[in-house]
Amino acid sequence: MDDASNLAPEVRETAQRIADMEIRGAATIADAAATALGAQAAASDATTPSAFRAELDAAARTLHDTRPTAVSLPNALRYVLNDIEGDTVAELRQSVQRRVATFRDDLDDAQERLGRIGAGRFTDGDTVLTHCHSTDAMACLEAAVEAGTDLEAVVKETRPRNQGHITARRLRELDVPVTLIVDNAAHQFLDDVDHLLCGADSIAADGSVVNKIGTAGLAVSARDRGVPVVVAAQSIKLHPKTLTGAAVKIEQRAAEEVLDEEARADIGDIDVANPAFDVTPPRHVDAIVTEHGQFPPESVVVLMRELFGERVEEPWSDSGPSLNDG
Ligand code: RI2
């Protein structure tokens with residue numbers, strides 16, 4: 001158990017908001033986690049470098065333990081905490097804050113670049129089927145619209161939290177005509193769409209895409225109907241531990257997201273399963289769009305090695321790097 005007494009209030013609050021999904025979406029979670037580490041550094045009244053470092057590690061553990069699937073979270077923490085430099089608390093604090101600022105700028109740049117690359121897949125008159133809400137996927141649609149491409153969208157509600165509503169609202173703001181459908185209708189609409197576009201929470205070394213529950217079945221259907229399956233994912237979604245054989249842990253969320261109290265009382269005592277994500281094998285994906293270009297899923301491992309090498313340690317971890325905890 002961590003001694004949480006020195007945690008900055010911003011860290012506790014951010015961790016709670018990530019766990020409650022008030023802050024959600026893999027890129028947004030990464031941004032918030034890095035920002036919270038910066039707040040911890042600013043608030044720390046540690047008097048020795050080792051006490052300062054221990055506080056940051058405790059903050060990182062608190063943030064890390066909120067949601068297990070989106071690798072952007074540990075990747076953000078790793079980026080900020082690896083290679084901080086300084087001999088004094090003041091120097092370390094500055095170093096953390098510089099790394100947070102660089103990380104956040106890079107995140108914005110990456111999404112913009114990815115958006116421009118992904119926009120190239122669409123042509124005038126195309127209809128795009130979306131799943132859940134992904135800021136990386138939205139960046140592709142935004143860039144296409146900005147470039148003057150006429151698009152329409154079929155937007156899945158995406159139970160249980162209806163995050164498709166966020167996508168629908170954002171597309172509406174862009175003046176893209178939207179047809180909202182229930183998840184079960186997706187298969188029927190595949191003959192009317194030109195692309196399936198979704199985001200990712202984690203991408204494994206073999207090119208498997210871990211994304212919001214429902215992606216895997218949808219991708220199988222899309223492939224069957226000849227609709228290209230495109231995943232928009234900044235390189236921060238690449239899961240470096242999968243290079244060494246780790247599996248991505250799938251988050252199981254509360255039953256109440258699926259069945260409220262009233263419905264439960266009506267139905268009676270049953271079990272409810274609520275996995276938040278599933279795994280789409282690479283053979284069902286046409287392209288992964290990153291800020292470094294588009295990749296067939298099987299070749300994303302090359303980019304992963306280039307960006308991360310074998311560096312998978314978690315500097316905040318008590319017990320050092322573990323290969324089994326996703
Ligand atoms: P961006 C979301 O998970 C969705 O699965 C979405 O595709 C993915 O994160 C990536 O989102 P959740 O946090 O990083 O809603 O592209 O459970 O915004």
# chains A, B, ... in the order shown; residues from 1 in each chain; ligands from 1

$ residues_around --residues "Ile181 (chain A)" --least-positions-apart "6" --cutoff "12 Å" --atoms "only C-alpha atoms" --output "VMD selection string"
chain A and resid 129 to 132 153 to 159 162 164 to 165 168 187 to 190

$ write_last_selection --atoms "N, CA, C and O atoms" --output "mmCIF file, in the first residue's frame"
data_model
loop_
_atom_site.group_PDB
_atom_site.id
_atom_site.type_symbol
_atom_site.label_atom_id
_atom_site.label_comp_id
_atom_site.auth_asym_id
_atom_site.auth_seq_id
_atom_site.Cartn_x
_atom_site.Cartn_y
_atom_site.Cartn_z
ATOM 1 N N LEU A 129 -18.400 4.439 -41.115
ATOM 2 C CA LEU A 129 -19.036 3.839 -39.936
ATOM 3 C C LEU A 129 -18.076 3.994 -38.753
ATOM 4 O O LEU A 129 -16.895 3.661 -38.858
ATOM 5 N N THR A 130 -18.594 4.522 -37.639
ATOM 6 C CA THR A 130 -17.726 4.713 -36.462
ATOM 7 C C THR A 130 -18.205 3.852 -35.304
ATOM 8 O O THR A 130 -19.385 3.498 -35.213
ATOM 9 N N HIS A 131 -17.253 3.566 -34.405
ATOM 10 C CA HIS A 131 -17.554 2.787 -33.203
ATOM 11 C C HIS A 131 -16.991 3.555 -32.013
ATOM 12 O O HIS A 131 -15.841 3.985 -32.040
ATOM 13 N N CYS A 132 -17.798 3.730 -30.983
ATOM 14 C CA CYS A 132 -17.385 4.438 -29.764
ATOM 15 C C CYS A 132 -16.977 5.877 -30.084
ATOM 16 O O CYS A 132 -17.460 6.470 -31.057
ATOM 17 N N ALA A 153 -21.720 10.014 -42.059
ATOM 18 C CA ALA A 153 -21.309 9.039 -41.044
ATOM 19 C C ALA A 153 -22.489 8.224 -40.550
ATOM 20 O O ALA A 153 -23.599 8.745 -40.393
ATOM 21 N N VAL A 154 -22.222 6.940 -40.337
ATOM 22 C CA VAL A 154 -23.149 6.087 -39.600
ATOM 23 C C VAL A 154 -22.462 5.826 -38.269
ATOM 24 O O VAL A 154 -21.333 5.332 -38.226
ATOM 25 N N VAL A 155 -23.114 6.215 -37.198
ATOM 26 C CA VAL A 155 -22.477 6.218 -35.876
ATOM 27 C C VAL A 155 -23.166 5.199 -34.978
ATOM 28 O O VAL A 155 -24.377 5.275 -34.766
ATOM 29 N N LYS A 156 -22.386 4.256 -34.466
ATOM 30 C CA LYS A 156 -22.961 3.264 -33.541
ATOM 31 C C LYS A 156 -23.087 3.870 -32.146
ATOM 32 O O LYS A 156 -22.165 4.522 -31.673
ATOM 33 N N GLU A 157 -24.174 3.565 -31.486
ATOM 34 C CA GLU A 157 -24.372 4.088 -30.116
ATOM 35 C C GLU A 157 -23.224 3.690 -29.182
ATOM 36 O O GLU A 157 -22.741 4.476 -28.401
ATOM 37 N N THR A 158 -22.858 2.420 -29.283
ATOM 38 C CA THR A 158 -21.788 1.833 -28.467
ATOM 39 C C THR A 158 -22.177 1.730 -26.990
ATOM 40 O O THR A 158 -21.749 2.510 -26.136
ATOM 41 N N ARG A 159 -23.018 0.749 -26.750
ATOM 42 C CA ARG A 159 -23.377 0.388 -25.378
ATOM 43 C C ARG A 159 -22.133 -0.127 -24.655
ATOM 44 O O ARG A 159 -21.219 -0.616 -25.327
ATOM 45 N N ASN A 162 -22.829 4.428 -24.364
ATOM 46 C CA ASN A 162 -23.287 5.302 -25.460
ATOM 47 C C ASN A 162 -22.282 6.386 -25.843
ATOM 48 O O ASN A 162 -22.653 7.533 -26.085
ATOM 49 N N GLY A 164 -20.903 6.660 -28.540
ATOM 50 C CA GLY A 164 -21.180 7.101 -29.910
ATOM 51 C C GLY A 164 -21.884 8.451 -29.922
ATOM 52 O O GLY A 164 -21.763 9.211 -30.891
ATOM 53 N N HIS A 165 -22.595 8.776 -28.841
ATOM 54 C CA HIS A 165 -23.273 10.082 -28.795
ATOM 55 C C HIS A 165 -22.254 11.227 -28.857
ATOM 56 O O HIS A 165 -22.538 12.283 -29.422
ATOM 57 N N ALA A 168 -21.293 11.512 -32.427
ATOM 58 C CA ALA A 168 -22.390 12.108 -33.203
ATOM 59 C C ALA A 168 -22.418 13.626 -33.003
ATOM 60 O O ALA A 168 -22.568 14.396 -33.958
ATOM 61 N N HIS A 187 -24.302 -4.561 -38.696
ATOM 62 C CA HIS A 187 -24.082 -5.501 -39.799
ATOM 63 C C HIS A 187 -24.926 -5.110 -41.017
ATOM 64 O O HIS A 187 -24.449 -5.120 -42.148
ATOM 65 N N GLN A 188 -26.153 -4.741 -40.741
ATOM 66 C CA GLN A 188 -27.069 -4.385 -41.823
ATOM 67 C C GLN A 188 -26.620 -3.153 -42.591
ATOM 68 O O GLN A 188 -26.929 -3.003 -43.762
ATOM 69 N N PHE A 189 -25.902 -2.258 -41.928
ATOM 70 C CA PHE A 189 -25.495 -1.008 -42.575
ATOM 71 C C PHE A 189 -24.170 -1.128 -43.328
ATOM 72 O O PHE A 189 -23.757 -0.188 -43.987
ATOM 73 N N LEU A 190 -23.537 -2.287 -43.225
ATOM 74 C CA LEU A 190 -22.204 -2.395 -43.841
ATOM 75 C C LEU A 190 -22.250 -2.272 -45.366
ATOM 76 O O LEU A 190 -21.264 -1.866 -45.980
#

$ residues_near_ligand --ligand "ligand 1" --cutoff "8 Å" --atoms "only C-alpha atoms and all ligand atoms" --output "PyMOL selection string"
chain A and resi 21+23-29+70+72+131-138+163+198-201+210-213+232-234+237+276-277

$ write_last_selection --atoms "N, CA and C atoms" --output "CSV table (one decimal), in the first residue's frame"
chain,number,residue,atom,x,y,z
A,21,MET,N,-14.4,7.4,-15.5
A,21,MET,CA,-14.5,7.7,-17.0
A,21,MET,C,-15.1,9.1,-17.3
A,23,ILE,N,-12.9,11.4,-17.3
A,23,ILE,CA,-11.8,11.6,-18.3
A,23,ILE,C,-11.6,10.2,-19.0
A,24,ARG,N,-11.9,10.2,-20.3
A,24,ARG,CA,-11.8,8.9,-21.0
A,24,ARG,C,-11.2,9.1,-22.4
A,25,GLY,N,-11.0,7.9,-23.0
A,25,GLY,CA,-10.3,8.0,-24.3
A,25,GLY,C,-8.8,7.9,-24.0
A,26,ALA,N,-8.1,7.0,-24.8
A,26,ALA,CA,-6.7,6.7,-24.4
A,26,ALA,C,-5.8,7.9,-24.4
A,27,ALA,N,-5.9,8.7,-25.5
A,27,ALA,CA,-5.1,9.9,-25.6
A,27,ALA,C,-5.3,10.9,-24.5
A,28,THR,N,-6.6,11.1,-24.2
A,28,THR,CA,-7.0,12.1,-23.2
A,28,THR,C,-6.5,11.6,-21.8
A,29,ILE,N,-6.6,10.3,-21.5
A,29,ILE,CA,-6.1,9.8,-20.3
A,29,ILE,C,-4.6,10.0,-20.1
A,70,ALA,N,-5.8,0.7,-21.5
A,70,ALA,CA,-5.2,1.7,-22.4
A,70,ALA,C,-3.7,1.9,-22.1
A,72,SER,N,-1.6,3.8,-23.3
A,72,SER,CA,-1.2,5.2,-23.3
A,72,SER,C,-1.0,5.7,-21.9
A,131,HIS,N,-17.3,3.6,-34.4
A,131,HIS,CA,-17.6,2.8,-33.2
A,131,HIS,C,-17.0,3.6,-32.0
A,132,CYS,N,-17.8,3.7,-31.0
A,132,CYS,CA,-17.4,4.4,-29.8
A,132,CYS,C,-17.0,5.9,-30.1
A,133,HIS,N,-16.1,6.5,-29.3
A,133,HIS,CA,-15.6,7.8,-29.5
A,133,HIS,C,-14.1,7.8,-29.4
A,134,SER,N,-13.4,8.1,-30.4
A,134,SER,CA,-11.9,8.1,-30.4
A,134,SER,C,-11.5,9.5,-30.9
A,135,THR,N,-10.7,10.2,-30.2
A,135,THR,CA,-10.2,11.5,-30.7
A,135,THR,C,-9.2,11.3,-31.8
A,136,ASP,N,-8.5,10.1,-31.9
A,136,ASP,CA,-7.6,9.9,-33.0
A,136,ASP,C,-8.4,9.6,-34.3
A,137,ALA,N,-9.5,8.9,-34.2
A,137,ALA,CA,-10.4,8.7,-35.3
A,137,ALA,C,-11.0,10.0,-35.8
A,138,MET,N,-11.5,10.8,-34.8
A,138,MET,CA,-12.1,12.1,-35.1
A,138,MET,C,-11.1,13.0,-35.8
A,163,GLN,N,-21.0,6.0,-25.9
A,163,GLN,CA,-20.0,7.0,-26.3
A,163,GLN,C,-20.1,7.4,-27.8
A,198,CYS,N,-12.1,3.2,-36.5
A,198,CYS,CA,-12.2,3.2,-35.0
A,198,CYS,C,-10.8,3.6,-34.5
A,199,GLY,N,-10.8,3.8,-33.1
A,199,GLY,CA,-9.5,4.1,-32.5
A,199,GLY,C,-9.0,2.8,-31.8
A,200,ALA,N,-8.0,3.0,-30.9
A,200,ALA,CA,-7.5,1.8,-30.2
A,200,ALA,C,-7.0,2.3,-28.8
A,201,ASP,N,-7.1,1.4,-27.9
A,201,ASP,CA,-6.6,1.6,-26.5
A,201,ASP,C,-5.2,1.0,-26.4
A,210,VAL,N,-6.6,-3.7,-29.6
A,210,VAL,CA,-7.5,-3.8,-28.4
A,210,VAL,C,-8.3,-2.5,-28.4
A,211,ASN,N,-9.6,-2.6,-28.5
A,211,ASN,CA,-10.4,-1.4,-28.6
A,211,ASN,C,-11.8,-1.7,-27.9
A,212,LYS,N,-12.6,-0.7,-27.8
A,212,LYS,CA,-13.9,-0.8,-27.2
A,212,LYS,C,-14.7,-2.0,-27.6
A,213,ILE,N,-15.2,-2.7,-26.6
A,213,ILE,CA,-16.0,-3.9,-26.9
A,213,ILE,C,-16.9,-3.8,-28.1
A,232,ALA,N,-7.3,4.2,-36.2
A,232,ALA,CA,-6.5,5.4,-36.0
A,232,ALA,C,-5.9,5.4,-34.6
A,233,ALA,N,-4.6,5.4,-34.5
A,233,ALA,CA,-3.9,5.2,-33.2
A,233,ALA,C,-2.5,5.8,-33.2
A,234,GLN,N,-2.4,6.8,-32.4
A,234,GLN,CA,-1.0,7.4,-32.2
A,234,GLN,C,-0.1,6.3,-31.7
A,237,LYS,N,-0.2,4.4,-28.4
A,237,LYS,CA,-1.1,3.2,-28.2
A,237,LYS,C,-0.4,1.9,-28.4
A,276,ALA,N,-14.9,-4.2,-21.0
A,276,ALA,CA,-14.9,-2.9,-21.7
A,276,ALA,C,-14.2,-2.9,-23.1
A,277,PHE,N,-13.4,-3.9,-23.3
A,277,PHE,CA,-12.6,-4.0,-24.6
A,277,PHE,C,-12.6,-5.4,-25.1

$ residues_around --residues "His239 (chain A)" --least-positions-apart "5" --cutoff "8 Å" --atoms "only C-alpha atoms" --output "list of chain:residue names"
A:Val71, A:Ser202, A:Ile203, A:Ala204, A:Ala205, A:Met304

$ select_by_dssp --residues "region 97-193 of chain A" --states "alpha helix (DSSP H)" --output "PyMOL selection string"
chain A and resi 97-119+135-146+164-173+186-189

$ atom_distance --atom1 "CA of Ala33 (chain A)" --atom2 "CA of Leu307 (chain A)"
20.4 Å

$ atom_distance --atom1 "CA of Phe308 (chain A)" --atom2 "CA of Leu238 (chain A)"
9.0 Å

$ select_by_dssp --residues "region 98-175 of chain A" --states "strand (DSSP E or B)" --output "count of residues only"
11

$ closest_residue --among "A:Gly214, A:Thr69, A:Ile117, A:Gly207" --to "Asp183 (chain A)" --atoms "only C-alpha atoms"
A:Gly214

$ residues_around --residues "Pro275 (chain A)" --least-positions-apart "2" --cutoff "7 Å" --atoms "only C-alpha atoms" --output "list in words"
Ile213, Ile250, Glu251, Gln252, Arg253, Ala273 and Phe277 of chain A

$ write_last_selection --atoms "N, CA, C and O atoms" --output "short mmCIF file (atom, residue, chain, number, x, y, z; two decimals), in the first residue's frame"
data_model
loop_
_atom_site.label_atom_id
_atom_site.label_comp_id
_atom_site.auth_asym_id
_atom_site.auth_seq_id
_atom_site.Cartn_x
_atom_site.Cartn_y
_atom_site.Cartn_z
N ILE A 213 -15.25 -2.66 -26.62
CA ILE A 213 -15.97 -3.91 -26.86
C ILE A 213 -16.93 -3.76 -28.06
O ILE A 213 -17.61 -2.75 -28.19
N ILE A 250 -7.70 -6.99 -20.11
CA ILE A 250 -8.98 -6.41 -20.51
C ILE A 250 -9.74 -5.98 -19.26
O ILE A 250 -9.99 -6.79 -18.36
N GLU A 251 -10.10 -4.70 -19.22
CA GLU A 251 -10.81 -4.15 -18.07
C GLU A 251 -12.24 -4.70 -18.00
O GLU A 251 -12.95 -4.73 -19.00
N GLN A 252 -12.63 -5.11 -16.81
CA GLN A 252 -14.02 -5.52 -16.56
C GLN A 252 -14.65 -4.39 -15.74
O GLN A 252 -14.14 -4.05 -14.68
N ARG A 253 -15.74 -3.84 -16.22
CA ARG A 253 -16.34 -2.71 -15.51
C ARG A 253 -17.61 -3.14 -14.75
O ARG A 253 -18.05 -4.28 -14.84
N ALA A 273 -21.87 -9.57 -17.06
CA ALA A 273 -20.46 -9.40 -17.42
C ALA A 273 -20.33 -8.13 -18.25
O ALA A 273 -21.16 -7.86 -19.11
N PHE A 277 -13.40 -3.92 -23.32
CA PHE A 277 -12.63 -3.96 -24.57
C PHE A 277 -12.60 -5.37 -25.14
O PHE A 277 -12.85 -6.34 -24.42
#

$ residues_around --residues "region 281-285 of chain A" --least-positions-apart "5" --cutoff "9 Å" --atoms "only C-alpha atoms" --output "list in words"
Asp206, Gly207, Ser208, Val209, Val210, Ala216, Ala219, Val220, Ala222, Arg223, Pro228, Val229, Val230, Val231, Pro296, Pro297 and Glu298 of chain A

$ write_last_selection --atoms "N, CA, C and O atoms" --output "short mmCIF file (atom, residue, chain, number, x, y, z; two decimals), in the first residue's frame"
data_model
loop_
_atom_site.label_atom_id
_atom_site.label_comp_id
_atom_site.auth_asym_id
_atom_site.auth_seq_id
_atom_site.Cartn_x
_atom_site.Cartn_y
_atom_site.Cartn_z
N ASP A 206 1.90 -8.11 -32.36
CA ASP A 206 1.49 -8.88 -33.53
C ASP A 206 0.47 -8.13 -34.38
O ASP A 206 -0.03 -8.66 -35.37
N GLY A 207 0.14 -6.89 -33.99
CA GLY A 207 -0.82 -6.09 -34.75
C GLY A 207 -2.26 -6.24 -34.29
O GLY A 207 -3.16 -5.65 -34.88
N SER A 208 -2.49 -7.04 -33.23
CA SER A 208 -3.85 -7.13 -32.67
C SER A 208 -4.25 -5.77 -32.12
O SER A 208 -3.44 -5.08 -31.50
N VAL A 209 -5.51 -5.42 -32.32
CA VAL A 209 -6.01 -4.11 -31.87
C VAL A 209 -6.95 -4.31 -30.69
O VAL A 209 -7.97 -5.01 -30.80
N VAL A 210 -6.62 -3.71 -29.57
CA VAL A 210 -7.49 -3.75 -28.40
C VAL A 210 -8.29 -2.46 -28.39
O VAL A 210 -7.71 -1.37 -28.32
N ALA A 216 -14.23 -6.14 -32.40
CA ALA A 216 -13.77 -7.37 -33.04
C ALA A 216 -14.86 -7.96 -33.96
O ALA A 216 -14.59 -8.29 -35.12
N ALA A 219 -15.41 -5.80 -37.00
CA ALA A 219 -14.33 -5.92 -37.99
C ALA A 219 -14.50 -7.19 -38.82
O ALA A 219 -14.28 -7.18 -40.04
N VAL A 220 -14.93 -8.28 -38.18
CA VAL A 220 -15.17 -9.53 -38.92
C VAL A 220 -16.26 -9.29 -39.97
O VAL A 220 -16.12 -9.64 -41.15
N ALA A 222 -17.22 -6.42 -41.26
CA ALA A 222 -16.77 -5.46 -42.27
C ALA A 222 -15.89 -6.15 -43.30
O ALA A 222 -16.06 -5.98 -44.51
N ARG A 223 -14.99 -6.97 -42.83
CA ARG A 223 -14.10 -7.70 -43.74
C ARG A 223 -14.92 -8.59 -44.68
O ARG A 223 -14.67 -8.68 -45.86
N PRO A 228 -13.19 -1.67 -45.80
CA PRO A 228 -11.88 -1.58 -45.15
C PRO A 228 -11.99 -1.18 -43.67
O PRO A 228 -12.78 -0.32 -43.31
N VAL A 229 -11.20 -1.87 -42.88
CA VAL A 229 -11.19 -1.61 -41.43
C VAL A 229 -9.94 -0.78 -41.11
O VAL A 229 -8.81 -1.25 -41.27
N VAL A 230 -10.16 0.45 -40.66
CA VAL A 230 -9.06 1.37 -40.41
C VAL A 230 -9.03 1.74 -38.94
O VAL A 230 -10.05 2.10 -38.35
N VAL A 231 -7.85 1.62 -38.35
CA VAL A 231 -7.67 1.94 -36.93
C VAL A 231 -6.78 3.17 -36.83
O VAL A 231 -5.67 3.17 -37.35
N PRO A 296 0.29 -1.80 -42.37
CA PRO A 296 -0.49 -3.02 -42.24
C PRO A 296 -0.25 -3.52 -40.81
O PRO A 296 0.87 -3.36 -40.29
N PRO A 297 -1.27 -4.08 -40.13
CA PRO A 297 -1.09 -4.38 -38.70
C PRO A 297 0.12 -5.25 -38.40
O PRO A 297 0.80 -5.06 -37.39
N GLU A 298 0.40 -6.18 -39.30
CA GLU A 298 1.52 -7.11 -39.04
C GLU A 298 2.87 -6.40 -39.00
O GLU A 298 3.84 -6.93 -38.45
#
